[in-house]
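Here's the structure, in structure tokens; my notes come after.
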Amino acid sequence: MKVLILNSGAGSRLKEITNDKPKCLVKLYNGETILERQIRLLSKHGLKKFIITTGPFEEKIRETLKNNFDDLDITYVKNERYKETNYIYSMHLAGPHLNDDILLLHGDLVFDEALIEKISSSEVKNVGLINKTLPLPEKDFKALVVDDRIARISVNLTGDGVFAFMPLYKLERDKFALWLKEIDIFVKQGNVSVYAEEALNLILQDVHLGYLDYSCHYCKEIDTPQDLLEVDEEIRRYDENETS
């Protein structure tokens, strides 16, 4: 299995915090960056091959990981058009390297180790993450669940069977290939500013994407300075409880 981490964005909503670095290199409470935490926890569970998409400050990402994870197989894919495209284009560029089962995640996710264990050990081969206990986020992803599978993913969903969704997927090689094929069609049509989930929605009936409920685990995105403050404090308490 390969891990695809999407880190091409500029992280502009973090304002001056990301003036001189990408969002994934923002430091958490213990001095560890978001990306270092992700890779440390993932590699502890046997994941050694990583594809990281980049935009600005790629050299800083390379230097950080070279100093701390030189035993891993890391491929970098730069999206030169990061200012004008969404991550659907970054996934298109990374496509030639994604010839395996894939664990895909956004580069601003902070999660606990137990969640990675749950995903890795799950007998469900193709899964996304939902949370049945959280109120629906206003601007972030939601998922429509029908008959124990995810039928649609969008920021604009409401109603029965719709739950908060987190962009962390486990997909078999052939299922991920179907997604990439649809992404390539979008790119050829010049449709590169939408979420990659727009392409995924077209083939979900063939993927049969199951779900894991992460309500008993920690998993949050960092988009704003307030998010960073909240995650920093919450993950500190969570880590302390796990080690006590």
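In the structure tokens, each chain is lettered A, B, ... as it comes, each chain's residues begin at 1, and ligands are numbered from 1 in order of appearance.
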Counting only C-alpha atoms, which residues in region 61-136 of chain A sit no more than 12 Å from region 159-182 of chain A? For each one, give the nearest pair of atoms and the distance in Å, sorted by chain then residue number, as JSON lines.
{"residue": "A:Tyr87", "atom": "CA", "partner": "A:Pro167", "partner_atom": "CA", "distance": 11.9}
{"residue": "A:Ile88", "atom": "CA", "partner": "A:Leu180", "partner_atom": "CA", "distance": 9.2}
{"residue": "A:Tyr89", "atom": "CA", "partner": "A:Leu180", "partner_atom": "CA", "distance": 10.4}
{"residue": "A:Ser90", "atom": "CA", "partner": "A:Leu180", "partner_atom": "CA", "distance": 11.0}
{"residue": "A:Met91", "atom": "CA", "partner": "A:Leu180", "partner_atom": "CA", "distance": 7.6}
{"residue": "A:His92", "atom": "CA", "partner": "A:Leu180", "partner_atom": "CA", "distance": 6.8}
{"residue": "A:Leu93", "atom": "CA", "partner": "A:Leu180", "partner_atom": "CA", "distance": 10.0}
{"residue": "A:Ala94", "atom": "CA", "partner": "A:Leu180", "partner_atom": "CA", "distance": 9.6}
{"residue": "A:Gly95", "atom": "CA", "partner": "A:Leu180", "partner_atom": "CA", "distance": 6.7}
{"residue": "A:Pro96", "atom": "CA", "partner": "A:Leu180", "partner_atom": "CA", "distance": 9.8}
{"residue": "A:His97", "atom": "CA", "partner": "A:Ala177", "partner_atom": "CA", "distance": 11.4}
{"residue": "A:Leu98", "atom": "CA", "partner": "A:Arg173", "partner_atom": "CA", "distance": 8.1}
{"residue": "A:Asn99", "atom": "CA", "partner": "A:Arg173", "partner_atom": "CA", "distance": 6.6}
{"residue": "A:Asp100", "atom": "CA", "partner": "A:Arg173", "partner_atom": "CA", "distance": 4.9}
{"residue": "A:Asp101", "atom": "CA", "partner": "A:Arg173", "partner_atom": "CA", "distance": 4.1}
{"residue": "A:Ile102", "atom": "CA", "partner": "A:Leu171", "partner_atom": "CA", "distance": 5.3}
{"residue": "A:Leu103", "atom": "CA", "partner": "A:Lys170", "partner_atom": "CA", "distance": 4.5}
{"residue": "A:Leu104", "atom": "CA", "partner": "A:Tyr169", "partner_atom": "CA", "distance": 5.1}
{"residue": "A:Leu105", "atom": "CA", "partner": "A:Leu168", "partner_atom": "CA", "distance": 4.4}
{"residue": "A:His106", "atom": "CA", "partner": "A:Pro167", "partner_atom": "CA", "distance": 6.3}
{"residue": "A:Gly107", "atom": "CA", "partner": "A:Pro167", "partner_atom": "CA", "distance": 9.8}
{"residue": "A:Asp108", "atom": "CA", "partner": "A:Pro167", "partner_atom": "CA", "distance": 10.0}
{"residue": "A:Leu109", "atom": "CA", "partner": "A:Pro167", "partner_atom": "CA", "distance": 8.4}
{"residue": "A:Val110", "atom": "CA", "partner": "A:Met166", "partner_atom": "CA", "distance": 10.9}
{"residue": "A:Phe111", "atom": "CA", "partner": "A:Leu168", "partner_atom": "CA", "distance": 10.3}
{"residue": "A:Leu115", "atom": "CA", "partner": "A:Leu168", "partner_atom": "CA", "distance": 10.6}
{"residue": "A:Ile116", "atom": "CA", "partner": "A:Leu168", "partner_atom": "CA", "distance": 10.0}
{"residue": "A:Lys118", "atom": "CA", "partner": "A:Lys170", "partner_atom": "CA", "distance": 11.2}
{"residue": "A:Ile119", "atom": "CA", "partner": "A:Lys170", "partner_atom": "CA", "distance": 7.4}
{"residue": "A:Ser120", "atom": "CA", "partner": "A:Lys170", "partner_atom": "CA", "distance": 8.3}
{"residue": "A:Ser121", "atom": "CA", "partner": "A:Lys170", "partner_atom": "CA", "distance": 11.0}
{"residue": "A:Ser122", "atom": "CA", "partner": "A:Lys170", "partner_atom": "CA", "distance": 9.7}
{"residue": "A:Glu123", "atom": "CA", "partner": "A:Lys170", "partner_atom": "CA", "distance": 11.1}
{"residue": "A:Val124", "atom": "CA", "partner": "A:Lys170", "partner_atom": "CA", "distance": 9.0}
{"residue": "A:Lys125", "atom": "CA", "partner": "A:Glu172", "partner_atom": "CA", "distance": 6.4}
{"residue": "A:Asn126", "atom": "CA", "partner": "A:Leu171", "partner_atom": "CA", "distance": 4.5}
{"residue": "A:Val127", "atom": "CA", "partner": "A:Lys170", "partner_atom": "CA", "distance": 5.3}
{"residue": "A:Gly128", "atom": "CA", "partner": "A:Tyr169", "partner_atom": "CA", "distance": 4.7}
{"residue": "A:Leu129", "atom": "CA", "partner": "A:Met166", "partner_atom": "CA", "distance": 5.3}
{"residue": "A:Ile130", "atom": "CA", "partner": "A:Phe165", "partner_atom": "CA", "distance": 4.4}
{"residue": "A:Asn131", "atom": "CA", "partner": "A:Ala164", "partner_atom": "CA", "distance": 5.3}
{"residue": "A:Lys132", "atom": "CA", "partner": "A:Phe163", "partner_atom": "CA", "distance": 5.7}
{"residue": "A:Thr133", "atom": "CA", "partner": "A:Phe163", "partner_atom": "CA", "distance": 8.3}
{"residue": "A:Leu134", "atom": "CA", "partner": "A:Ala164", "partner_atom": "CA", "distance": 6.5}
{"residue": "A:Pro135", "atom": "CA", "partner": "A:Ala164", "partner_atom": "CA", "distance": 7.1}
{"residue": "A:Leu136", "atom": "CA", "partner": "A:Ala164", "partner_atom": "CA", "distance": 5.3}
**OP:** as number ranges by chain, list the residues of region 8-211 of chain A assigned to helix (DSSP H, G or I) by DSSP on the backbone atoms of this structure.
**Re:** A: 12-18, 23-25, 34-44, 58-68, 87-97, 113-121, 173-188, 197-201, 204-207
**OP:** Just the residues within 12 Å of Asp73 (chain A), please, counting only C-alpha atoms, with nothing from its chain fewer than 2 positions along; format it as JSON, numbers by chain.
**Re:** {"A": [1, 2, 3, 39, 43, 47, 48, 49, 50, 51, 52, 65, 66, 69, 70, 71, 75, 76, 97]}
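Nearest to Glu32 (chain A) of all the residues A:Arg236, A:Glu138, A:Glu113, A:Asn241 is A:Arg236, based on only C-alpha atoms.
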Original post:
So how many Å separate CA of Ile153 (chain A) and CA of Val192 (chain A), to one decimal?
Top reply: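 Straight-line distance from CA of Ile153 (chain A) to CA of Val192 (chain A) works out to 17.5 Å.
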Original post:
Restricting the calculation to only C-alpha atoms, which member of A:Ile61, A:Leu14, A:Leu209, A:Ala143 is positioned closest to Thr33 (chain A)?
Top reply: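 Nearest candidate to Thr33 (chain A) out of A:Ile61, A:Leu14, A:Leu209, A:Ala143: A:Ile61.
Take CA of Glu80 (chain A) and CA of Ile185 (chain A): the distance between them is 19.8 Å.
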Original post:
So what do you get for CA of Arg62 (chain A) versus CA of Asn30 (chain A), distance-wise?
Top reply: 20.7 Å
Subject >> DSSP strand (DSSP E) residues within region 31-243 of chain A, as a ChimeraX atom specification >> reply: /A:49-54,73-78,102-106,109-111,127-131,142-146,149-154,162-171,210-213,219-221
Original post:
With only C-alpha atoms as the atoms that count, which of A:Thr85, A:Thr243, A:Thr224, A:Gln189 lies nearest to Val26 (chain A)?
Top reply: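 When distances to Val26 (chain A) are compared using only C-alpha atoms, the smallest one comes from A:Thr224.
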Subject >> Nearest candidate to Asp112 (chain A) (options A:Leu35, A:Val145, A:Cys219, A:Leu157; using only C-alpha atoms) >> reply: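 Among the listed residues, the smallest separation from Asp112 (chain A) belongs to A:Cys219.
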Subject >> Closest of A:Ile235, A:Glu84, A:Glu240, A:Glu230 to Arg37 (chain A) - atom-to-atom distances counting only C-alpha atoms >> reply: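 Of the candidates, the smallest distance to Arg37 (chain A) is held by A:Ile235.
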Subject >> Residue with smallest distance to Lys15 (chain A) - pool A:Glu242, A:Leu229, A:Ala196, A:Asp223, counting only C-alpha atoms >> reply: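 Distance minimum relative to Lys15 (chain A) lands on A:Asp223.
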